[in-house]
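Scroll down for the structure; my scribbles are underneath it.
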Amino acid sequence: TVATEQFRAVGLALRTEGIFFIAALILFGALIVVSAVRFAHGDHSPNAHMGFRYASSGAIPMFLVGLLIPFGVWRSEDPARRSYHWSMPVARGPHTVVKLLSGWGWLMIATILYLLFIIAVAYSVSMITGEQPWQRPTPAWEWAVAFTAPTLGYLLTSIAVIGSDHP
């Protein structure tokens with residue numbers, strides 16, 4: 001029960017960041033589709049092609065998101081302001097871990113949305129330009145990087161944010 005409530009509370013705390021994230025995906029998607037339409041109408045050199053697909057370097061944006069999300073999760077909660085943990089039916093240490101894992105859960109949801117966005121844009125671009133969406137299959141390790149890179153960024157920043165005396 002405490003973990004479910006903490007997951008909801010972290011989701012509410014990350015509401016602004018989530019709206020910004022979705023808006024950025026929509027903006028980037030629109031820019032990519034406009035570029036694909038221009039490409040399809042012949043605004044390119046004769047040997048050019050417009051292939052769009054996921055590669056391991058595509059995890060860099062989510063790594064950066066992972067570095068920033070702990071600031072939203074622990075916003076305005078330095079150790080002195082975490083006294084509400086004392087009123088919970090769970091000890092403070094496990095409660096902090098639950099909040100940390102709740103933030104990570106929301107980050108993984110954002111990563112899944114990002115990967116679905118990449119796949120949708122890749123297929124949209126291929127339909128607009130007439131090129132194949134995947135020239136070669138993406139290896140499984142590249143898909144794993146999409147989840148491990150943001151996790152590492154999240155954990156590295158969380159260590160500093162949780163241990164900090166400043167919100």
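Ordered as shown in the structure tokens, chains take letters A, B, and onward, while each chain numbers its residues from 1 and ligands are numbered from 1 in the order shown.
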
Contacts of stretch 66-80 of chain A at 9 Å (only C-alpha atoms; same-chain gap of 2+ positions) as an MDAnalysis selection string: chainID A and resid 10:11 13:14 16:17 61:64 82:83 99:100 102:104 107 149:158 161:167

DSSP alpha helix (DSSP H) selection over stretch 4-131 of chain A, as a ChimeraX atom specification: /A:4-13,15-40,60-73,92-129

Which residue of A:Ala140, A:Ile128, A:Ala160, A:Leu115 approaches A:Ala40 most closely, using only C-alpha atoms: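 Result for the nearest residue to A:Ala40: A:Ile128.
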
A:Ile32 surroundings by only C-alpha atoms, 12 Å radius, close-in-sequence under 3 positions cut, as a ChimeraX atom specification: /A:25-29,35-39,50-53,117-118,120-126,128-129

Residue among A:Glu5, A:Val33, A:Ser56, A:Ala23 lying closest to A:Ala144, counting only C-alpha atoms: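 Checking each candidate against A:Ala144, we get A:Ser56 as the closest.
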